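Chemist: Submitted below is the structure of interest, expressed as structure tokens.
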Amino acid sequence: MKIGLKWIVSFSLIALVAIGGLFWNPVTDISDKGAFLTEDKIVGADVAWILAAAGLVLLMTPGLSFFYGGMVGRKNVISTMLQSFIALGVISMVWVVVGFSLSFGESLGITIAGKHYGIIGNPLSYPFFYGVGNLPHSMMAPTIPFILFALFQMKFAVITPAIITGSFAERVRFISYLLFIVLFSICIYTPLCHMVWHPDGLLNKYFGVKDFAGGTVVHMSAGFAALAGALVLGKRKNPHHEPSNIPYVLLGTGMLWFGWFGFNAGSALSASASAATAFGTTTIASASAMMTWIFFDRINGRSISALGACIGAVVGLVAITPGCGFVSIQESLFIGFISAIVSNLMVNWKALNRVDDTLDVFACHGVGGIMGMILTAIFAHGEKASLLHGGVEVFLHHLAALFLVSAFTFLGSLLLYKVTNAIITLRVSEESENMGLDLSQHQERFN
């Protein structure tokens with residue numbers, strides 16, 4: 001087998017990262033040591049819960065691989081599952097080397113009316129996790145070791161590009177996909193993460209965006225990147241297929257739902273009432289969305305299906321994510337209900353179906369994230385925290401941020417796909433597509 005230059009370069013980069021970390025000597029110390037508290041501020045219960053939550057969020061990525069893998073045709077099950085699973089390796093390494101610094105490092109940005117607003121973190125803040133130790137950070141993680149905060153956030157960075165894969169399943173080259181998710185994580189995810197979740201971030205500090213667990217950072221960014229990917233790669237030669245393994249989809253949904261408790265309740269960063277609220281709203285919104293989806297299908301002349309139940313459940317999880325710690329159980333019921341209807345309409349909208357988004361990633365994650373962001377700005381509790389609580393300005397700021405995030409993630413992703421394609425062709429050949437990616441890309445077969 002001929003070994004192409006791209007594989008030699010890829011291996012060399014892995015070797016450089018693995019060995020380079022041993023000899024890395026920070027040029028300057030800008031890790032903001034003054035922001036760290038003493039070890040006695042660590043709360044054992046919080047540490048235990050976030051350790052568990054981080055493990056739950058990690059489980060979501062294998063869960064996503066089953067969820068997606070069961071939906072595609074039999075010739076592409078392994079390749080689709082691997083595209084999700086491989087993110088655990090690729091993005092984890094990117095996160096340690098530079099991703100965490102870009103997301104939560106010293107704020108670099110703009111000044112408005114004498115106040116600083118961050119757009120991205122300084123890449124030299126925590127390279128190779130230097131400066132990320134066992135002391136708590138006063139602003140970002142005041143009761144848990146900073147390294148635990150960094151590792152918890154890493155799991156969010158991992159699953160975000162994995163979500164995108166469902167849009168261009170069955171037609172993307174594996175090596176091109178790896179390059180794209182590295183570029184996406186560095187150029188799209190990290191600045192968005194910084195702007196929303198860093199204390200000095202532009203969308204957080206200036207716009208007041210409420211995103212408890214990632215509706216904007218994770219689901220909207222992945223949804224719009226998915227839409228861009230489907231447009232750039234074009235339609236499959238055979239866009240119609242039967243799902244290969246519905247039990248895989250059910251298993252993946254169960255793993256996602258289970259892991260989502262860590263995703264949402266863990267984002268409280270403490271074993272607290274806020275975590276308990278997020279835990280409750282998460283499961284109720286998902287239950288409401290699942291039931292709404294299957295009955296809405298039925299009254300529109302479609303069968304009640306296991307696939308529909310699973311998609312509905314995931315849409316509910318997506319929609320509740322930004323507001324899970326800010327709304328009540330009663331409101332989460334409505335959020336699941338209305339988000340399922342809107343996403344269902346989008347999945348079956350003929351205009352959107354002209355775009356070959358293989359597994360309807362935009363209609364579920366992108367639209368679900370948008371709905372969650374809007375509904376959070378309507379229902380979030382607290383004085384002037386949302387439209388229903390006197391926070392008209394918060395609601396308008398959310399709408400403005402929604403348009404900014406949509407444009408940034410969609411146009412930015414379009415550019416990154418073009419850059420990736422210029423370096424390594426994105427789409428497999430027609431022969432490889434007909435053969436199936438399992439055989440043509442990986443020499444493996446799903447039995």
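Chain identifiers are assigned as A, B, and so on, following the order in which chains appear in the structure tokens; residues are numbered from 1 within each chain, and ligands are numbered from 1 in order of appearance.
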Quick one: residues within 9 Å of stretch 367-370 of chain A, only C-alpha atoms counted, chain neighbours fewer than 5 positions away excluded, as a list in words?
Modeler: Gly214, Gly215, Thr216, Val218, His219, Met220, Ser221, Gly223, Val315, Gly316, Leu317, Val318, Ala319, Ile320, Thr321, Pro322, Ser339, Ala340, Val342, Ser343, Met346, Val361, Phe362, Leu375 and Leu402 of chain A
Chemist: Could you list, as a list in words, every residue within 10 Å of A:Ala45, counting only C-alpha atoms and ignoring same-chain residues fewer than 3 positions away?
Modeler: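 Surrounding residues, per the criterion: Ile42, Ala48, Trp49, Ile50, Leu51, Thr143, Ile144, Ser270, Ala271 and Ser272 of chain A.
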Chemist: Selected residues, all heavy atoms, written as a short mmCIF file (atom, residue, chain, number, x, y, z; two decimals), in the first residue's frame, please.
Modeler:
data_model
loop_
_atom_site.label_atom_id
_atom_site.label_comp_id
_atom_site.auth_asym_id
_atom_site.auth_seq_id
_atom_site.Cartn_x
_atom_site.Cartn_y
_atom_site.Cartn_z
N ILE A 42 -11.42 24.18 48.13
CA ILE A 42 -11.99 23.07 47.36
C ILE A 42 -13.08 22.39 48.18
O ILE A 42 -12.91 22.11 49.36
CB ILE A 42 -10.89 22.05 46.99
CG1 ILE A 42 -9.91 22.68 45.98
CG2 ILE A 42 -11.50 20.78 46.40
CD1 ILE A 42 -8.73 21.80 45.64
N ALA A 48 -16.36 15.55 43.56
CA ALA A 48 -16.91 14.22 43.26
C ALA A 48 -17.96 14.30 42.14
O ALA A 48 -17.97 13.46 41.22
CB ALA A 48 -17.53 13.62 44.52
N TRP A 49 -18.84 15.30 42.23
CA TRP A 49 -19.89 15.41 41.22
C TRP A 49 -19.33 15.77 39.84
O TRP A 49 -19.70 15.17 38.83
CB TRP A 49 -20.92 16.45 41.64
CG TRP A 49 -21.85 16.86 40.53
CD1 TRP A 49 -22.16 18.11 40.14
CD2 TRP A 49 -22.60 15.99 39.65
NE1 TRP A 49 -23.03 18.11 39.08
CE2 TRP A 49 -23.32 16.82 38.75
CE3 TRP A 49 -22.71 14.61 39.52
CZ2 TRP A 49 -24.15 16.30 37.76
CZ3 TRP A 49 -23.54 14.09 38.52
CH2 TRP A 49 -24.25 14.94 37.65
N ILE A 50 -18.36 16.69 39.77
CA ILE A 50 -17.83 17.09 38.47
C ILE A 50 -16.96 15.99 37.87
O ILE A 50 -16.92 15.82 36.64
CB ILE A 50 -17.06 18.43 38.56
CG1 ILE A 50 -17.97 19.52 39.15
CG2 ILE A 50 -16.58 18.88 37.19
CD1 ILE A 50 -19.30 19.69 38.42
N LEU A 51 -16.28 15.22 38.70
CA LEU A 51 -15.57 14.03 38.18
C LEU A 51 -16.57 13.09 37.51
O LEU A 51 -16.33 12.59 36.40
CB LEU A 51 -14.84 13.30 39.31
CG LEU A 51 -13.52 13.91 39.79
CD1 LEU A 51 -13.08 13.22 41.09
CD2 LEU A 51 -12.44 13.78 38.73
N THR A 143 -14.57 26.19 43.46
CA THR A 143 -14.63 25.12 44.48
C THR A 143 -14.07 23.79 43.99
O THR A 143 -14.14 22.80 44.70
CB THR A 143 -16.09 24.89 44.93
OG1 THR A 143 -16.88 24.43 43.82
CG2 THR A 143 -16.69 26.16 45.50
N ILE A 144 -13.52 23.76 42.78
CA ILE A 144 -12.93 22.52 42.26
C ILE A 144 -11.55 22.83 41.69
O ILE A 144 -11.26 23.97 41.32
CB ILE A 144 -13.81 21.88 41.16
CG1 ILE A 144 -13.96 22.84 39.96
CG2 ILE A 144 -15.18 21.48 41.71
CD1 ILE A 144 -14.69 22.23 38.76
N SER A 270 -21.01 22.47 40.52
CA SER A 270 -21.13 22.25 41.95
C SER A 270 -22.23 21.23 42.22
O SER A 270 -23.11 21.03 41.38
CB SER A 270 -21.46 23.56 42.68
OG SER A 270 -22.70 24.07 42.22
N ALA A 271 -22.17 20.59 43.37
CA ALA A 271 -23.25 19.71 43.81
C ALA A 271 -24.24 20.60 44.55
O ALA A 271 -24.18 20.77 45.77
CB ALA A 271 -22.70 18.61 44.72
N SER A 272 -25.17 21.19 43.82
CA SER A 272 -25.99 22.28 44.35
C SER A 272 -27.43 22.18 43.88
O SER A 272 -27.79 21.33 43.07
CB SER A 272 -25.40 23.62 43.89
OG SER A 272 -25.43 23.69 42.47
#
Chemist: Excluding A:Ser303 and residues on its chain fewer than 5 positions from it, collect all residues at most 8 Å away from it, counting only C-alpha atoms, and give them as a list of chain:residue names.
Modeler: A:Ile294, A:Asp297, A:Arg298
Chemist: Do you know which residues are at most 12 Å from A:Ala422 counting only C-alpha atoms, after dropping those on the same chain fewer than 4 positions away, and could you put them as a PyMOL selection string?
Modeler: chain A and resi 176+179-180+415-418+426-427
Chemist: Emit the selected residues as a PDB file, in the first residue's frame, including N, CA, C and O atoms.
Modeler:
ATOM      1  N   SER A 176      -9.535  14.259   5.455  1.00  0.00           N
ATOM      2  CA  SER A 176     -10.035  15.634   5.300  1.00  0.00           C
ATOM      3  C   SER A 176     -10.902  16.023   6.486  1.00  0.00           C
ATOM      4  O   SER A 176     -10.844  17.164   6.969  1.00  0.00           O
ATOM      5  N   LEU A 179      -8.738  17.005   9.443  1.00  0.00           N
ATOM      6  CA  LEU A 179      -8.206  18.364   9.290  1.00  0.00           C
ATOM      7  C   LEU A 179      -9.294  19.396   9.584  1.00  0.00           C
ATOM      8  O   LEU A 179      -9.053  20.381  10.294  1.00  0.00           O
ATOM      9  N   PHE A 180     -10.494  19.157   9.070  1.00  0.00           N
ATOM     10  CA  PHE A 180     -11.569  20.131   9.284  1.00  0.00           C
ATOM     11  C   PHE A 180     -11.902  20.295  10.764  1.00  0.00           C
ATOM     12  O   PHE A 180     -12.066  21.422  11.240  1.00  0.00           O
ATOM     13  N   LEU A 415     -15.903  28.880   5.123  1.00  0.00           N
ATOM     14  CA  LEU A 415     -14.513  29.206   4.795  1.00  0.00           C
ATOM     15  C   LEU A 415     -13.581  28.044   5.147  1.00  0.00           C
ATOM     16  O   LEU A 415     -12.691  27.686   4.355  1.00  0.00           O
ATOM     17  N   LEU A 416     -13.791  27.436   6.307  1.00  0.00           N
ATOM     18  CA  LEU A 416     -12.917  26.333   6.729  1.00  0.00           C
ATOM     19  C   LEU A 416     -13.075  25.107   5.841  1.00  0.00           C
ATOM     20  O   LEU A 416     -12.102  24.389   5.577  1.00  0.00           O
ATOM     21  N   TYR A 417     -14.290  24.847   5.371  1.00  0.00           N
ATOM     22  CA  TYR A 417     -14.475  23.740   4.419  1.00  0.00           C
ATOM     23  C   TYR A 417     -13.705  24.019   3.126  1.00  0.00           C
ATOM     24  O   TYR A 417     -13.080  23.120   2.552  1.00  0.00           O
ATOM     25  N   LYS A 418     -13.752  25.277   2.668  1.00  0.00           N
ATOM     26  CA  LYS A 418     -13.038  25.643   1.445  1.00  0.00           C
ATOM     27  C   LYS A 418     -11.527  25.488   1.631  1.00  0.00           C
ATOM     28  O   LYS A 418     -10.821  24.994   0.753  1.00  0.00           O
ATOM     29  N   LEU A 426     -12.164  17.119   0.038  1.00  0.00           N
ATOM     30  CA  LEU A 426     -13.109  16.696   1.070  1.00  0.00           C
ATOM     31  C   LEU A 426     -13.890  15.447   0.691  1.00  0.00           C
ATOM     32  O   LEU A 426     -14.075  14.541   1.506  1.00  0.00           O
ATOM     33  N   ARG A 427     -14.351  15.404  -0.531  1.00  0.00           N
ATOM     34  CA  ARG A 427     -15.298  14.357  -0.909  1.00  0.00           C
ATOM     35  C   ARG A 427     -14.596  13.151  -1.509  1.00  0.00           C
ATOM     36  O   ARG A 427     -13.627  13.282  -2.256  1.00  0.00           O
TER      37      ARG A 427
END
Chemist: When DSSP works through the backbone of this structure, what residues of stretch 271-321 of chain A end up as alpha helix (DSSP H), shown as an MDAnalysis selection string?
Modeler: chainID A and resid 273:299 306:320
Chemist: Need to verify the contact set: stretch 276-288 of chain A, 6 Å, only C-alpha atoms, exclusion of same-chain residues closer than 4 positions in sequence. Can you return it as a list in words?
Modeler: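 Contacts, with the query itself left out: Phe261, Asn264, Ala265, Ala313, Gly316, Leu317, Cys324, Gly325, Ile329, Ser332, Leu333, Gly336 and Phe337 of chain A.
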Chemist: Please determine, counting only C-alpha atoms, which residue among A:Pro142, A:Gly105, A:Gly166, A:Gly131 has the shortest atom-to-atom distance to A:Leu359.
Modeler: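 Between A:Pro142, A:Gly105, A:Gly166, A:Gly131, the residue approaching A:Leu359 most closely is A:Gly166.
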Chemist: For each of A:Ala275, A:Trp7, A:Ala380, A:Gly266, take the minimum atom-to-atom distance to A:Phe152, counting only C-alpha atoms, then give the residue where this is smallest.
Modeler: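 Of A:Ala275, A:Trp7, A:Ala380, A:Gly266, the one nearest A:Phe152, counting only C-alpha atoms, is A:Gly266.
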Chemist: Residues near A:Phe85, anyone? I mean within 8 Å using only C-alpha atoms, not counting same-chain ones fewer than 6 positions away, as a PDB file with N, CA and C atoms, in the first residue's frame.
Modeler:
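Result file is selection16.pdb:
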ATOM      1  N   THR A  61     -20.135  10.942  23.556  1.00  0.00           N
ATOM      2  CA  THR A  61     -19.537  10.832  22.225  1.00  0.00           C
ATOM      3  C   THR A  61     -19.656   9.411  21.674  1.00  0.00           C
ATOM      4  N   PRO A  62     -19.317   8.349  22.429  1.00  0.00           N
ATOM      5  CA  PRO A  62     -19.646   7.003  21.939  1.00  0.00           C
ATOM      6  C   PRO A  62     -21.144   6.821  21.723  1.00  0.00           C
ATOM      7  N   SER A  65     -22.004   8.149  18.447  1.00  0.00           N
ATOM      8  CA  SER A  65     -21.558   7.270  17.365  1.00  0.00           C
ATOM      9  C   SER A  65     -22.580   6.163  17.105  1.00  0.00           C
ATOM     10  N   ALA A 162     -18.040  16.317  16.617  1.00  0.00           N
ATOM     11  CA  ALA A 162     -18.621  14.999  16.345  1.00  0.00           C
ATOM     12  C   ALA A 162     -20.077  15.128  15.895  1.00  0.00           C
TER      13      ALA A 162
END
Chemist: Quick one: pull the distance between atom CA of A:Leu192 and atom CA of A:Phe258, Å, one decimal.
Modeler: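 These atoms are spaced 26.0 Å apart.
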Chemist: Using only C-alpha atoms, which protein or nucleic acid residues come within 9 Å of A:Thr80? Drop anything in the same chain fewer than 6 positions from it, and give the result as a ChimeraX atom specification.
Modeler: /A:65-66,68-69,72,165-166,169-170,437-438
Chemist: Smallest atom-to-atom distance to A:Ala228: which of A:Asn447, A:Asn348, A:Ser406, A:Ser386, using only C-alpha atoms?
Modeler: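 The shortest atom-to-atom distance to A:Ala228 comes from A:Ser406.
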Chemist: Nearest residue to A:Leu37 out of A:Phe395, A:Phe296, A:Phe146, A:Tyr126, using only C-alpha atoms?
Modeler: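 Result for the nearest residue to A:Leu37: A:Phe146.
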Chemist: Have a look at atom CA of A:Met290 and atom CA of A:Ile338 and let me know their distance in Å, one decimal.
Modeler: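 Going from atom CA of A:Met290 over to atom CA of A:Ile338 covers 11.3 Å.
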Chemist: Report the closest atom pair, with its distance in Å rounded to one decimal, for each residue of stretch 149-198 of chain A that has an atom no farther than 10 Å from stretch 120-125 of chain A; count only C-alpha atoms, sort by chain and then rising residue number, and write it as CSV.
Modeler:
residue,atom,partner,partner_atom,distance
A:Cys187,CA,A:Ile120,CA,9.6
A:Thr190,CA,A:Ile120,CA,7.0
A:Pro191,CA,A:Ile120,CA,4.6
A:Leu192,CA,A:Ile120,CA,7.8
A:Cys193,CA,A:Ile120,CA,8.3
A:His194,CA,A:Ile120,CA,5.5
A:Met195,CA,A:Ile120,CA,6.9
A:His198,CA,A:Gly121,CA,8.8
Chemist: Tell me which of A:Trp257, A:Phe129, A:Phe174, A:Phe326 sits closest to A:Phe379, counting only C-alpha atoms.
Modeler: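 Among the listed residues, the smallest separation from A:Phe379 belongs to A:Phe326.
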Chemist: Would you please work out which residue, of A:Met255, A:Val172, A:Val405, A:Ala230, is nearest to A:Ser432 when using only C-alpha atoms?
Modeler: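 Answer, going by the shortest atom-to-atom distance: A:Val172.
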Chemist: State, in Å with one decimal place, the distance from atom CA of A:Tyr130 to atom CA of A:Gly89.
Modeler: 19.8 Å
